Amino acid sequence: MKSLAELQAIKDKMKDKVVIREGASSTRVVVGMATCGIAAGARPVLGAFVEAVNEGGLAQSVTVSQTGCVGLCQYEPIVEVYEAGKDKVTYVKMTADKAKEVVEKHLKGGKVVTEYTVANCE
Amino acid sequence: MKELSLNVLDITENSVKAGATLTEISILENSDTLTMIVKDDGCGMSEEILRTVENPFYTTRTTRKVGLGIPLLKMAAEMTGGSVKIVSSTDAATHGTTVTAVFYKNHLDFTPLGDIKETVVTLIQGHPDTDFLFVHQTPSGEVKLDTRELRVILEGVPLDTYEVIVWIKEYLNEQYELLENR
């Protein structure tokens with residue numbers, strides 16, 4: 001049974017880390033969560049990114065956040081990756097499996113998965 | 001939308017965008033109906049905007065953010081013989097919006113609720129600085145999560161901390177398992 005005491009323990013563990021984490025991220029993963037994105041399947045894509053980034057030990061350098069409609073509704077779910085000093089990468093028609101692949105190859109390995117990008121889709 | 005829980009996510013995103021500090025999500029089920037209530041204390045909508053949100057063809061560029069969300073919810077509810085009601089106020093003291101949707105569960109066109117836990121987790125992960133009160137009442141019992149209570153225990157540790165998100169996920173899983181085994 002999950003107890004509030006367990007949450008208390010998480011707090012005690014994380015309390016010191018919070019200060020270090022703030023502002024430290026250099027990479028941002030942004031998932032479109034407007035009606036178009038949600039209807040196209042953005043919820044599991046977001047969940048997959050959150051899990052893969054954290055389980056993959058990238059929590060210190062990558063933040064995963066949500067945004068509204070990007071304006072390319074027919075290509076949803078859309079995910080944008082912003083890295084310091086690099087051009088924005090836009091992934092389209094994403095799935096949870098593709099999300100895991102992007103975390104592995106792009107965020108960890110540094111290689112953009114070009115077959116899923118918007119440039120490859122048009 | 002494939003699941004009603006996705007409509008819940010979509011409608012609640014509007015509450016957050018309206019600047020809500022607390023959004024109450026209630027799913028009330030009996031043997032016949034499922035009632036979804038999303039109540040926020042956001043900025044509210046004027047009567048003029050309120051008249052337009054239900055019809056996608058009245059949407060203009062300035063109100064485009066409202067878009068298809070309400071029409072899709074309305075369609076899903078009316079397909080089952082149910083309805084959607086929106087009450088909103090921009091009054092300084094009582095501002096906020098309440099969206100109530102009633103679905104008839106036994107109708108052929110009823111869309112299943114789906115993964116409501118994932119909707120709650122997604123909302124908290126995306127908007128860790130606003131509060132959500134989630135209540136799901138079924139004939140066999142109730143599942144409840146109040147981020148204000150979690151915030152008290154967490155003492156400043158953000159709700160979108162991964163360990164906290166995992167805890168919330170597992171907590172909800174357990175609550176639903178208890179409900180099923182009752």
# chains A, B, ... in the order shown; residues from 1 in each chain; ligands from 1
>>> interface_residues(of="chain A", to="chain B", cutoff="8 Å", atoms="only C-alpha atoms", output="NGL selection string")
:A and (1-2 or 4 or 7-8 or 10-11 or 14-15 or 18 or 33-35 or 38-39 or 43 or 46-47 or 50 or 54 or 65-66)
>>> write_last_selection(atoms="N, CA and C atoms", output="mmCIF file, in the first residue's frame")
data_model
loop_
_atom_site.group_PDB
_atom_site.id
_atom_site.type_symbol
_atom_site.label_atom_id
_atom_site.label_comp_id
_atom_site.auth_asym_id
_atom_site.auth_seq_id
_atom_site.Cartn_x
_atom_site.Cartn_y
_atom_site.Cartn_z
ATOM 1 N N MET A 1 0.837 -1.204 0.000
ATOM 2 C CA MET A 1 0.000 0.000 0.000
ATOM 3 C C MET A 1 0.872 1.254 0.000
ATOM 4 N N LYS A 2 0.665 2.124 -0.979
ATOM 5 C CA LYS A 2 1.397 3.391 -1.052
ATOM 6 C C LYS A 2 0.977 4.278 0.110
ATOM 7 N N LEU A 4 1.571 7.906 2.592
ATOM 8 C CA LEU A 4 2.073 9.271 2.568
ATOM 9 C C LEU A 4 3.471 9.339 3.173
ATOM 10 N N LEU A 7 5.922 9.180 0.512
ATOM 11 C CA LEU A 7 6.063 10.470 -0.162
ATOM 12 C C LEU A 7 6.971 11.390 0.668
ATOM 13 N N GLN A 8 6.813 11.275 1.962
ATOM 14 C CA GLN A 8 7.653 12.025 2.893
ATOM 15 C C GLN A 8 9.130 11.669 2.678
ATOM 16 N N ILE A 10 10.444 10.505 -0.059
ATOM 17 C CA ILE A 10 10.876 11.071 -1.342
ATOM 18 C C ILE A 10 11.262 12.533 -1.149
ATOM 19 N N LYS A 11 10.444 13.241 -0.365
ATOM 20 C CA LYS A 11 10.723 14.649 -0.100
ATOM 21 C C LYS A 11 12.093 14.818 0.561
ATOM 22 N N MET A 14 14.794 14.275 -1.951
ATOM 23 C CA MET A 14 14.892 15.225 -3.062
ATOM 24 C C MET A 14 15.200 16.653 -2.616
ATOM 25 N N LYS A 15 14.904 16.945 -1.372
ATOM 26 C CA LYS A 15 15.002 18.321 -0.864
ATOM 27 C C LYS A 15 16.333 19.004 -1.236
ATOM 28 N N VAL A 18 16.924 19.630 -5.250
ATOM 29 C CA VAL A 18 16.094 20.593 -5.979
ATOM 30 C C VAL A 18 16.880 21.824 -6.419
ATOM 31 N N MET A 33 0.240 19.490 -26.636
ATOM 32 C CA MET A 33 -0.877 18.872 -25.921
ATOM 33 C C MET A 33 -2.172 19.667 -26.090
ATOM 34 N N ALA A 34 -2.386 20.224 -27.290
ATOM 35 C CA ALA A 34 -3.685 20.846 -27.570
ATOM 36 C C ALA A 34 -4.654 19.742 -27.997
ATOM 37 N N THR A 35 -5.893 20.121 -28.321
ATOM 38 C CA THR A 35 -6.898 19.127 -28.728
ATOM 39 C C THR A 35 -6.368 18.237 -29.852
ATOM 40 N N ILE A 38 -3.670 15.800 -28.460
ATOM 41 C CA ILE A 38 -4.271 14.793 -27.572
ATOM 42 C C ILE A 38 -5.052 13.763 -28.389
ATOM 43 N N ALA A 39 -5.848 14.250 -29.355
ATOM 44 C CA ALA A 39 -6.653 13.346 -30.170
ATOM 45 C C ALA A 39 -5.778 12.413 -31.001
ATOM 46 N N ARG A 43 -0.698 11.887 -25.428
ATOM 47 C CA ARG A 43 -0.560 11.526 -24.015
ATOM 48 C C ARG A 43 0.455 10.402 -23.782
ATOM 49 N N LEU A 46 4.073 11.694 -24.456
ATOM 50 C CA LEU A 46 4.606 12.471 -23.337
ATOM 51 C C LEU A 46 5.055 11.534 -22.212
ATOM 52 N N GLY A 47 4.185 10.573 -21.885
ATOM 53 C CA GLY A 47 4.511 9.610 -20.822
ATOM 54 C C GLY A 47 5.787 8.850 -21.118
ATOM 55 N N VAL A 50 8.848 11.186 -20.580
ATOM 56 C CA VAL A 50 9.104 11.407 -19.156
ATOM 57 C C VAL A 50 9.797 10.186 -18.559
ATOM 58 N N ASN A 54 13.968 9.981 -17.593
ATOM 59 C CA ASN A 54 14.315 9.795 -16.179
ATOM 60 C C ASN A 54 14.954 8.443 -15.909
ATOM 61 N N SER A 65 8.430 19.056 -21.284
ATOM 62 C CA SER A 65 7.287 19.902 -20.954
ATOM 63 C C SER A 65 6.209 19.834 -22.032
ATOM 64 N N GLN A 66 5.092 20.496 -21.750
ATOM 65 C CA GLN A 66 3.937 20.455 -22.648
ATOM 66 C C GLN A 66 3.664 21.840 -23.216
#
>>> residues_around(residues="Val135 of chain B", least_positions_apart="3", cutoff="9 Å", atoms="only C-alpha atoms", output="mmCIF file with C-alpha atoms, in the first residue's frame")
data_model
loop_
_atom_site.group_PDB
_atom_site.id
_atom_site.type_symbol
_atom_site.label_atom_id
_atom_site.label_comp_id
_atom_site.auth_asym_id
_atom_site.auth_seq_id
_atom_site.Cartn_x
_atom_site.Cartn_y
_atom_site.Cartn_z
ATOM 1 C CA GLU B 24 -11.626 19.979 -9.614
ATOM 2 C CA ILE B 25 -12.110 16.948 -11.819
ATOM 3 C CA SER B 26 -15.018 14.735 -10.820
ATOM 4 C CA ILE B 27 -16.074 11.515 -12.525
ATOM 5 C CA LEU B 28 -19.349 10.350 -11.010
ATOM 6 C CA GLU B 142 -14.200 6.238 -4.529
ATOM 7 C CA VAL B 143 -10.701 7.167 -5.701
ATOM 8 C CA LYS B 144 -9.428 10.585 -4.675
ATOM 9 C CA LEU B 145 -6.235 12.583 -5.149
ATOM 10 C CA ASP B 146 -5.689 16.149 -3.943
#
>>> residues_around(residues="Val64 of chain A", least_positions_apart="6", cutoff="9 Å", atoms="only C-alpha atoms", output="PDB file with N, CA and C atoms, in the first residue's frame")
ATOM      1  N   THR A  27      18.722  20.936 -22.394  1.00  0.00           N
ATOM      2  CA  THR A  27      17.887  20.432 -23.483  1.00  0.00           C
ATOM      3  C   THR A  27      16.422  20.418 -23.043  1.00  0.00           C
ATOM      4  N   ARG A  28      15.558  20.883 -23.946  1.00  0.00           N
ATOM      5  CA  ARG A  28      14.125  20.874 -23.658  1.00  0.00           C
ATOM      6  C   ARG A  28      13.376  20.040 -24.690  1.00  0.00           C
ATOM      7  N   VAL A  29      12.553  19.126 -24.204  1.00  0.00           N
ATOM      8  CA  VAL A  29      11.674  18.342 -25.071  1.00  0.00           C
ATOM      9  C   VAL A  29      10.259  18.859 -24.843  1.00  0.00           C
ATOM     10  N   VAL A  30       9.606  19.320 -25.908  1.00  0.00           N
ATOM     11  CA  VAL A  30       8.288  19.929 -25.752  1.00  0.00           C
ATOM     12  C   VAL A  30       7.257  19.151 -26.578  1.00  0.00           C
ATOM     13  N   VAL A  31       6.217  18.675 -25.894  1.00  0.00           N
ATOM     14  CA  VAL A  31       5.188  17.874 -26.551  1.00  0.00           C
ATOM     15  C   VAL A  31       3.910  18.706 -26.714  1.00  0.00           C
ATOM     16  N   LEU A  46       4.073  11.694 -24.456  1.00  0.00           N
ATOM     17  CA  LEU A  46       4.606  12.471 -23.337  1.00  0.00           C
ATOM     18  C   LEU A  46       5.055  11.534 -22.212  1.00  0.00           C
ATOM     19  N   PHE A  49       8.326   9.847 -23.025  1.00  0.00           N
ATOM     20  CA  PHE A  49       9.474  10.749 -22.884  1.00  0.00           C
ATOM     21  C   PHE A  49       9.847  10.928 -21.418  1.00  0.00           C
ATOM     22  N   VAL A  50       8.848  11.186 -20.580  1.00  0.00           N
ATOM     23  CA  VAL A  50       9.104  11.407 -19.156  1.00  0.00           C
ATOM     24  C   VAL A  50       9.797  10.186 -18.559  1.00  0.00           C
ATOM     25  N   VAL A  53      13.460   9.515 -20.309  1.00  0.00           N
ATOM     26  CA  VAL A  53      14.455  10.521 -19.915  1.00  0.00           C
ATOM     27  C   VAL A  53      14.919  10.265 -18.474  1.00  0.00           C
TER      28      VAL A  53
ATOM     29  N   GLY B 126       2.531  18.212 -16.274  1.00  0.00           N
ATOM     30  CA  GLY B 126       2.612  19.388 -17.134  1.00  0.00           C
ATOM     31  C   GLY B 126       2.369  20.699 -16.415  1.00  0.00           C
TER      32      GLY B 126
END
>>> residues_around(residues="Met79 of chain B", least_positions_apart="6", cutoff="12 Å", atoms="only C-alpha atoms", output="list in words")
Pro71, Leu72, Leu73, Ala101, Val102, Phe103, Tyr104, Lys105, Asn106, His107, Leu108, Asp109, Phe110 and Thr111 of chain B
>>> write_last_selection(atoms="N, CA and C atoms", output="PDB file, in the first residue's frame")
ATOM      1  N   PRO B  71     -16.791  21.113 -28.765  1.00  0.00           N
ATOM      2  CA  PRO B  71     -17.617  20.384 -29.736  1.00  0.00           C
ATOM      3  C   PRO B  71     -17.394  18.870 -29.711  1.00  0.00           C
ATOM      4  N   LEU B  72     -16.146  18.446 -29.551  1.00  0.00           N
ATOM      5  CA  LEU B  72     -15.858  17.004 -29.501  1.00  0.00           C
ATOM      6  C   LEU B  72     -16.474  16.366 -28.260  1.00  0.00           C
ATOM      7  N   LEU B  73     -16.400  17.078 -27.135  1.00  0.00           N
ATOM      8  CA  LEU B  73     -16.988  16.574 -25.890  1.00  0.00           C
ATOM      9  C   LEU B  73     -18.512  16.478 -26.036  1.00  0.00           C
ATOM     10  N   ALA B 101     -20.561  17.225 -18.210  1.00  0.00           N
ATOM     11  CA  ALA B 101     -20.983  16.376 -19.332  1.00  0.00           C
ATOM     12  C   ALA B 101     -21.586  15.095 -18.785  1.00  0.00           C
ATOM     13  N   VAL B 102     -22.762  14.761 -19.296  1.00  0.00           N
ATOM     14  CA  VAL B 102     -23.434  13.526 -18.868  1.00  0.00           C
ATOM     15  C   VAL B 102     -23.443  12.534 -20.028  1.00  0.00           C
ATOM     16  N   PHE B 103     -23.024  11.311 -19.735  1.00  0.00           N
ATOM     17  CA  PHE B 103     -22.994  10.245 -20.743  1.00  0.00           C
ATOM     18  C   PHE B 103     -23.860   9.085 -20.278  1.00  0.00           C
ATOM     19  N   TYR B 104     -24.577   8.469 -21.207  1.00  0.00           N
ATOM     20  CA  TYR B 104     -25.327   7.249 -20.869  1.00  0.00           C
ATOM     21  C   TYR B 104     -24.477   6.030 -21.205  1.00  0.00           C
ATOM     22  N   LYS B 105     -24.045   5.353 -20.146  1.00  0.00           N
ATOM     23  CA  LYS B 105     -23.049   4.295 -20.278  1.00  0.00           C
ATOM     24  C   LYS B 105     -23.507   3.084 -21.084  1.00  0.00           C
ATOM     25  N   ASN B 106     -24.814   2.830 -21.043  1.00  0.00           N
ATOM     26  CA  ASN B 106     -25.293   1.621 -21.711  1.00  0.00           C
ATOM     27  C   ASN B 106     -25.647   1.835 -23.177  1.00  0.00           C
ATOM     28  N   HIS B 107     -25.475   3.083 -23.628  1.00  0.00           N
ATOM     29  CA  HIS B 107     -25.739   3.362 -25.033  1.00  0.00           C
ATOM     30  C   HIS B 107     -24.619   2.776 -25.897  1.00  0.00           C
ATOM     31  N   LEU B 108     -25.000   2.299 -27.064  1.00  0.00           N
ATOM     32  CA  LEU B 108     -24.054   1.677 -27.998  1.00  0.00           C
ATOM     33  C   LEU B 108     -22.875   2.597 -28.325  1.00  0.00           C
ATOM     34  N   ASP B 109     -23.126   3.900 -28.395  1.00  0.00           N
ATOM     35  CA  ASP B 109     -22.082   4.843 -28.808  1.00  0.00           C
ATOM     36  C   ASP B 109     -21.295   5.439 -27.645  1.00  0.00           C
ATOM     37  N   PHE B 110     -21.439   4.851 -26.471  1.00  0.00           N
ATOM     38  CA  PHE B 110     -20.687   5.352 -25.313  1.00  0.00           C
ATOM     39  C   PHE B 110     -19.193   5.057 -25.495  1.00  0.00           C
ATOM     40  N   THR B 111     -18.381   6.107 -25.369  1.00  0.00           N
ATOM     41  CA  THR B 111     -16.930   5.937 -25.438  1.00  0.00           C
ATOM     42  C   THR B 111     -16.430   5.585 -24.043  1.00  0.00           C
TER      43      THR B 111
END
>>> atom_distance(atom1="atom CA of Val92 of chain A", atom2="atom CA of Cys121 of chain A")
7.7 Å
>>> select_by_dssp(residues="segment 2-95 of chain A", states="strand (DSSP E)", output="PyMOL selection string")
chain A and resi 27-32+62-67+79-83+89-91
>>> residues_around(residues="Lys86 of chain A", least_positions_apart="3", cutoff="12 Å", atoms="only C-alpha atoms", output="ChimeraX atom specification")
/A:26-28,81-83,89,110,112
>>> write_last_selection(atoms="N, CA and C atoms", output="compact mmCIF listing (two decimals), in the first residue's frame")
# COMPACT_ATOMS: atom_id res chain seq x y z
N SER A 26 19.92 21.76 -20.16
CA SER A 26 20.35 22.43 -21.37
C SER A 26 19.49 22.00 -22.57
N THR A 27 18.72 20.94 -22.39
CA THR A 27 17.89 20.43 -23.48
C THR A 27 16.42 20.42 -23.04
N ARG A 28 15.56 20.88 -23.95
CA ARG A 28 14.12 20.87 -23.66
C ARG A 28 13.38 20.04 -24.69
N VAL A 81 12.48 19.44 -30.04
CA VAL A 81 13.66 19.29 -29.18
C VAL A 81 14.54 20.53 -29.34
N TYR A 82 14.73 21.24 -28.23
CA TYR A 82 15.58 22.44 -28.22
C TYR A 82 16.87 22.11 -27.48
N GLU A 83 18.00 22.24 -28.18
CA GLU A 83 19.30 22.03 -27.53
C GLU A 83 20.10 23.32 -27.63
N VAL A 89 14.81 20.78 -33.45
CA VAL A 89 14.42 19.60 -34.23
C VAL A 89 12.94 19.32 -33.97
N GLY A 110 23.16 11.74 -29.38
CA GLY A 110 23.52 12.94 -30.12
C GLY A 110 23.22 12.91 -31.61
N VAL A 112 20.34 12.99 -34.50
CA VAL A 112 18.93 13.25 -34.79
C VAL A 112 18.34 12.07 -35.60
>>> residues_around(residues="segment 36-47 of chain B", least_positions_apart="4", cutoff="7 Å", atoms="only C-alpha atoms", output="tab-separated table (two decimals) with C-alpha atoms, in the first residue's frame")
chain	number	residue	atom	x	y	z
B	12	THR	CA	-8.81	20.51	-18.14
B	15	SER	CA	-8.84	25.41	-17.20
B	18	ALA	CA	-7.52	30.17	-18.03
B	19	GLY	CA	-5.16	30.65	-15.09
B	20	ALA	CA	-6.90	28.31	-12.65
B	21	THR	CA	-5.16	27.78	-9.32
B	22	LEU	CA	-7.44	24.84	-8.49
B	23	THR	CA	-9.22	22.58	-10.95
B	24	GLU	CA	-11.63	19.98	-9.61
B	25	ILE	CA	-12.11	16.95	-11.82
B	26	SER	CA	-15.02	14.73	-10.82
B	27	ILE	CA	-16.07	11.52	-12.53
B	28	LEU	CA	-19.35	10.35	-11.01
B	51	ARG	CA	-22.22	31.26	-26.78
B	88	SER	CA	-18.90	30.46	-16.46
B	89	SER	CA	-18.35	33.70	-14.62
B	90	THR	CA	-15.86	36.53	-15.09
B	95	HIS	CA	-14.72	33.80	-11.58
B	96	GLY	CA	-14.29	30.36	-13.07
B	97	THR	CA	-15.83	27.81	-15.39
B	98	THR	CA	-17.66	24.56	-14.78
B	99	VAL	CA	-18.09	22.08	-17.61
B	100	THR	CA	-20.52	19.25	-16.90
B	101	ALA	CA	-20.98	16.38	-19.33
B	102	VAL	CA	-23.43	13.53	-18.87
>>> residues_around(residues="Val102 of chain A", least_positions_apart="3", cutoff="10 Å", atoms="only C-alpha atoms", output="PyMOL selection string")
chain A and resi 49+52+81+91+94+96-99+105-114+116
>>> write_last_selection(atoms="N, CA and C atoms", output="PDB file, in the first residue's frame")
ATOM      1  N   PHE A  49       8.326   9.847 -23.025  1.00  0.00           N
ATOM      2  CA  PHE A  49       9.474  10.749 -22.884  1.00  0.00           C
ATOM      3  C   PHE A  49       9.847  10.928 -21.418  1.00  0.00           C
ATOM      4  N   ALA A  52      11.413   7.601 -20.201  1.00  0.00           N
ATOM      5  CA  ALA A  52      12.702   7.254 -20.809  1.00  0.00           C
ATOM      6  C   ALA A  52      13.808   8.229 -20.402  1.00  0.00           C
ATOM      7  N   VAL A  81      12.485  19.439 -30.038  1.00  0.00           N
ATOM      8  CA  VAL A  81      13.659  19.294 -29.178  1.00  0.00           C
ATOM      9  C   VAL A  81      14.537  20.532 -29.336  1.00  0.00           C
ATOM     10  N   TYR A  91       9.979  16.673 -34.416  1.00  0.00           N
ATOM     11  CA  TYR A  91       9.557  15.310 -34.753  1.00  0.00           C
ATOM     12  C   TYR A  91       8.051  15.286 -34.931  1.00  0.00           C
ATOM     13  N   MET A  94       4.447  11.218 -33.904  1.00  0.00           N
ATOM     14  CA  MET A  94       5.183  10.433 -32.919  1.00  0.00           C
ATOM     15  C   MET A  94       4.319   9.362 -32.250  1.00  0.00           C
ATOM     16  N   ALA A  96       4.773   6.293 -28.747  1.00  0.00           N
ATOM     17  CA  ALA A  96       5.571   6.019 -27.551  1.00  0.00           C
ATOM     18  C   ALA A  96       6.871   5.309 -27.921  1.00  0.00           C
ATOM     19  N   ASP A  97       6.811   4.382 -28.881  1.00  0.00           N
ATOM     20  CA  ASP A  97       8.017   3.653 -29.297  1.00  0.00           C
ATOM     21  C   ASP A  97       9.035   4.581 -29.966  1.00  0.00           C
ATOM     22  N   LYS A  98       8.522   5.465 -30.832  1.00  0.00           N
ATOM     23  CA  LYS A  98       9.419   6.421 -31.491  1.00  0.00           C
ATOM     24  C   LYS A  98      10.056   7.340 -30.447  1.00  0.00           C
ATOM     25  N   ALA A  99       9.277   7.684 -29.410  1.00  0.00           N
ATOM     26  CA  ALA A  99       9.782   8.563 -28.347  1.00  0.00           C
ATOM     27  C   ALA A  99      10.986   7.912 -27.664  1.00  0.00           C
ATOM     28  N   LYS A 105      18.659   7.511 -29.249  1.00  0.00           N
ATOM     29  CA  LYS A 105      19.566   7.903 -30.345  1.00  0.00           C
ATOM     30  C   LYS A 105      19.926   9.388 -30.334  1.00  0.00           C
ATOM     31  N   HIS A 106      18.931  10.243 -30.088  1.00  0.00           N
ATOM     32  CA  HIS A 106      19.153  11.688 -30.182  1.00  0.00           C
ATOM     33  C   HIS A 106      19.638  12.279 -28.848  1.00  0.00           C
ATOM     34  N   LEU A 107      18.837  12.100 -27.802  1.00  0.00           N
ATOM     35  CA  LEU A 107      19.173  12.754 -26.532  1.00  0.00           C
ATOM     36  C   LEU A 107      20.397  12.112 -25.874  1.00  0.00           C
ATOM     37  N   LYS A 108      20.511  10.793 -26.000  1.00  0.00           N
ATOM     38  CA  LYS A 108      21.690  10.125 -25.421  1.00  0.00           C
ATOM     39  C   LYS A 108      22.842  10.081 -26.415  1.00  0.00           C
ATOM     40  N   GLY A 109      22.522   9.684 -27.652  1.00  0.00           N
ATOM     41  CA  GLY A 109      23.577   9.439 -28.647  1.00  0.00           C
ATOM     42  C   GLY A 109      23.975  10.652 -29.455  1.00  0.00           C
ATOM     43  N   GLY A 110      23.164  11.735 -29.384  1.00  0.00           N
ATOM     44  CA  GLY A 110      23.524  12.943 -30.117  1.00  0.00           C
ATOM     45  C   GLY A 110      23.219  12.910 -31.607  1.00  0.00           C
ATOM     46  N   LYS A 111      22.531  11.863 -32.080  1.00  0.00           N
ATOM     47  CA  LYS A 111      22.194  11.781 -33.507  1.00  0.00           C
ATOM     48  C   LYS A 111      20.699  11.955 -33.736  1.00  0.00           C
ATOM     49  N   VAL A 112      20.335  12.989 -34.501  1.00  0.00           N
ATOM     50  CA  VAL A 112      18.925  13.251 -34.793  1.00  0.00           C
ATOM     51  C   VAL A 112      18.344  12.074 -35.596  1.00  0.00           C
ATOM     52  N   VAL A 113      17.154  11.619 -35.196  1.00  0.00           N
ATOM     53  CA  VAL A 113      16.501  10.524 -35.928  1.00  0.00           C
ATOM     54  C   VAL A 113      15.748  11.150 -37.101  1.00  0.00           C
ATOM     55  N   THR A 114      16.448  11.390 -38.202  1.00  0.00           N
ATOM     56  CA  THR A 114      15.915  12.194 -39.303  1.00  0.00           C
ATOM     57  C   THR A 114      14.646  11.609 -39.920  1.00  0.00           C
ATOM     58  N   TYR A 116      12.039  10.602 -38.610  1.00  0.00           N
ATOM     59  CA  TYR A 116      10.827  11.035 -37.919  1.00  0.00           C
ATOM     60  C   TYR A 116      10.653  12.550 -37.925  1.00  0.00           C
TER      61      TYR A 116
END
>>> atom_distance(atom1="atom CA of Leu159 of chain B", atom2="atom CA of Pro128 of chain B")
5.1 Å
>>> closest_residue(among="A:Lys88, A:Lys13, A:Lys93, A:Lys100", to="Glu51 of chain A", atoms="only C-alpha atoms")
A:Lys100
>>> closest_residue(among="B:Leu34, B:Ala93, B:Ile116, B:Ile124", to="Gly81 of chain B", atoms="only C-alpha atoms")
B:Leu34
>>> closest_residue(among="B:Thr138, B:Phe57, B:Thr147, B:Val8", to="Ser31 of chain B", atoms="only C-alpha atoms")
B:Thr138
>>> closest_residue(among="A:Glu104, A:Ala40, A:Ala9, A:Ser25", to="Tyr75 of chain A", atoms="only C-alpha atoms")
A:Ala40
>>> atom_distance(atom1="atom CA of Arg182 of chain B", atom2="atom CA of Arg148 of chain B")
27.5 Å
>>> select_by_dssp(residues="chain B", states="alpha helix (DSSP H)", output="PyMOL selection string")
chain B and resi 4-17+47-53+69-78+116-126+147-154+162-180
